[in-house]
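Undergrad: Questions regarding the structure given below will be posed in turn.
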Amino acid sequence: MDIYILGGKVWNGRELVDANVHIHDGIVAETGDVVPASGQDSKVIDAHGAAVIPGLVDVHVHLREPGYSYKETIADGTRAAAHGGFTTVCPMPNLNPAPDTVDHLDAQLGIIARDACIEVLPYATITRARMGNELVDYAALAPCVVGFSDDGTGVQSEDVMREAMRGIAATGKVLAAHCEVEALINKGYIHDGVYAREHRHRGICSESEWKEVERDIRLAEQTGCRLHICHVSTKESVELVRRAKAKGLPVTCETGAHYLAFCDEDLKEEGRFKMNPPLRSASDRKALLEGIADGTIDCIASDHAPHSAEEKSKGLEKSAMGVTGLEVSLPAVYTYAVRPGHISFARMIELMADNTRRIFGIEGGIAPGMRADLTVVDFNLNPKVNPAEFLSKGKATPFEGLPLYGKVKMTIAAGNIVYDENAR
């Protein structure tokens, strides 16, 4: 079937322009002054008042299956992603069993093939069971994964990480590093800053992140491994990545929308403000905004980490780490980064679609000849965030109750309508 998207402002790679889009057999056939052919079996979509942008890509999500389906399933998680405008997501491997062998990975891939409504490209682990000790068979796993990560735990041994980077470099895949020095956490659970001191909470120091960022950049220089640093949250990490890029090292990084919108002074005694890494200081937030503006930070990823309501109901100290993000990431970035003038609309598209595809070798887009992955969004609307409307099982978000500009009207993945606000 052919699909025609008419009357919208279409992203042409540089700006939004008045144009129509024609999709044929899952491929963008043409954009511009195109109209449906008479007598053709086609679906016509009215996009007046909305923007038509490339489908978003999130390279850091937690879909929890297999092993933790009470938190999230691949079916629910991908429906939530489509609701948020995403056409490809890359789930992290903190699963049971962890995808550390081909057989374990096949269990995950089987669920994806059965239940996912969008493209899902998983990570395999760096080490067996994410324990940081024994390396996995990178060559065997590489053809079926987007990269390798032990996300949720940092690889503590420098020797193990060096050997891992050598093995992963040989595959050409990306190593996505969760950078955290466990010896420096000291049972902390929020940032070691203003709020922690005033409310007598145990803090996590910034050095626990940037010290391992520093180490992994050094190892990437030694091994030539393509290093992608997950969920950057500190000003020191931003500066380390900036220096690495200046040296021409194969280093990229991401941050999340919540780190751009909030700092530790915004914390409340609620589990929906608890994630790892934690919300840092106002100066860290400023550095992150500067980093997305000047190109130091390559991607914005949600780190979508759903938990049950019970797990998130125990306040800052005892709630599980992690917040849901797929359904608020785009409007949060637009509201807190684009509208205030920190970045341009074009830069937002780079951070949430173009760069992620380039770094991780992911298909799709809105240009003629591409696999038709695109999203229709009305950026004039600013509904308040209501977690009850989320399609994800996870409802905990620091954005709850806040008005965010940008409402996804429709998401099309590989030429298929995977979310339509009028069909809910």
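Following the order of the structure tokens, first chain is A, next is B, and so on, with residues numbered from 1 inside each chain and ligands from 1 in the order they appear.
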Show me, as an NGL selection string, the residues that have an atom within 9 Å of region 91-97 of chain A when counting only C-alpha atoms, minus same-chain residues fewer than 6 positions from it.
TA: :A and (58-68 or 104-105 or 107-108 or 120-125 or 129-130 or 148-152)
Undergrad: What's around Ala51 (chain A) at 12 Å? Count only C-alpha atoms, leave out sequence neighbours fewer than 6 positions away in its own chain, and write the answer as a VMD selection string.
TA: chain A and resid 5 to 12 15 to 21 85 345 349 366 374 to 381 406 to 411
Undergrad: Which of region 72-183 of chain A counts as strand (DSSP E) under DSSP, as a list in words please?
TA: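 Of region 72-183 of chain A, only Phe86, Thr87, Thr88, Val89, Cys90, Pro91, Glu119, Val120, Tyr123, Ala124, Gly147, Phe148, Val174, Leu175, Ala176 and Ala177 of chain A fall in strand (DSSP E).
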Undergrad: For the residues in that selection, give me N, CA and C atoms as a CSV table (one decimal), in the first residue's frame.
TA:
```csv
chain,number,residue,atom,x,y,z
A,86,PHE,N,9.7,7.1,18.3
A,86,PHE,CA,10.9,6.3,18.0
A,86,PHE,C,10.6,5.2,17.0
A,87,THR,N,11.5,5.0,16.0
A,87,THR,CA,11.3,3.9,15.1
A,87,THR,C,12.4,2.8,15.3
A,88,THR,N,13.4,3.1,16.0
A,88,THR,CA,14.4,2.1,16.4
A,88,THR,C,14.9,2.3,17.8
A,89,VAL,N,15.0,1.3,18.6
A,89,VAL,CA,15.5,1.3,19.9
A,89,VAL,C,16.5,0.2,20.1
A,90,CYS,N,17.5,0.5,21.0
A,90,CYS,CA,18.6,-0.5,21.3
A,90,CYS,C,18.5,-0.8,22.8
A,91,PRO,N,18.0,-2.0,23.1
A,91,PRO,CA,17.9,-2.3,24.5
A,91,PRO,C,19.2,-2.9,25.1
A,119,GLU,N,11.7,-1.4,15.0
A,119,GLU,CA,13.0,-2.1,15.0
A,119,GLU,C,13.7,-2.1,16.3
A,120,VAL,N,14.1,-3.2,16.8
A,120,VAL,CA,14.8,-3.4,18.0
A,120,VAL,C,16.2,-4.0,17.8
A,123,TYR,N,21.9,-4.9,22.4
A,123,TYR,CA,23.3,-5.0,22.8
A,123,TYR,C,23.6,-6.4,23.3
A,124,ALA,N,24.8,-7.0,23.1
A,124,ALA,CA,25.3,-8.1,23.9
A,124,ALA,C,26.1,-7.6,25.0
A,147,GLY,N,25.9,-3.5,19.3
A,147,GLY,CA,27.2,-3.2,20.1
A,147,GLY,C,27.2,-4.0,21.3
A,148,PHE,N,28.2,-3.7,22.2
A,148,PHE,CA,28.4,-4.4,23.4
A,148,PHE,C,28.4,-3.5,24.6
A,174,VAL,N,30.5,-1.0,18.3
A,174,VAL,CA,30.7,0.0,19.3
A,174,VAL,C,30.7,-0.7,20.7
A,175,LEU,N,31.5,-0.2,21.6
A,175,LEU,CA,31.5,-0.5,23.0
A,175,LEU,C,30.8,0.6,23.7
A,176,ALA,N,29.6,0.4,24.3
A,176,ALA,CA,28.8,1.4,25.0
A,176,ALA,C,29.1,1.2,26.5
A,177,ALA,N,29.9,2.2,27.1
A,177,ALA,CA,30.4,2.0,28.4
A,177,ALA,C,29.5,2.7,29.5
```
Undergrad: Show which residues sit within 10 Å of region 337-342 of chain A, as a VMD selection string. Count only C-alpha atoms, and ignore same-chain residues fewer than 6 positions away.
TA: chain A and resid 257 260 to 261 286 289 to 290 292 to 294 331 348 405
Undergrad: Skip Ile204 (chain A) itself and residues of its chain fewer than 4 positions away, then list as an NGL selection string all residues within 8 Å of it, counting only C-alpha atoms.
TA: :A and (184-192 or 208 or 278)
Undergrad: Pull the alpha helix (DSSP H) assignments for region 91-297 of chain A out of DSSP run on the backbone, and list those residues as number ranges by chain.
TA: A: 102-115, 138-141, 158-171, 194-199, 207-223, 235-246, 257-261, 282-294
Undergrad: For Phe399 (chain A), which residue out of A:Glu317, A:Asp2, A:Asp266, A:Glu236 is the nearest one, using only C-alpha atoms?
TA: A:Asp266
Undergrad: Which residue gives the smallest distance to Arg226 (chain A) among A:Ile359, A:Met352, A:Ala287, A:Ala320, with only C-alpha atoms counted?
TA: A:Ile359
Undergrad: Grab the CA of Arg347 (chain A) to CA of Gly295 (chain A) distance for me, in Å with one decimal place.
TA: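 Computing the Euclidean distance for CA of Arg347 (chain A) and CA of Gly295 (chain A) yields 8.9 Å.
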Undergrad: If you count only C-alpha atoms, which residues fall within 12 Å of Ser206 (chain A), apart from same-chain ones fewer than 6 positions away, as a list of chain:residue names?
TA: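 In the requested format, the answer is A:Cys179, A:Glu180, A:Val181, A:Leu184, A:Ile185, A:Gly188, A:Ile190, A:His191, A:Asp192, A:Gly193, A:Glu212, A:Val213, A:Val232, A:Ser233, A:Thr234, A:Lys235, A:Glu236, A:Ser237, A:Val238, A:Asn276, A:Pro277, A:Pro278, A:Leu279, A:Arg280, A:Ser281, A:Ser283, A:Asp284.
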Undergrad: Which value, in Å to one decimal, gives the distance between CA of Gly361 (chain A) and CA of Ala169 (chain A)?
TA: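 That distance, rounded to one decimal, is 15.2 Å.
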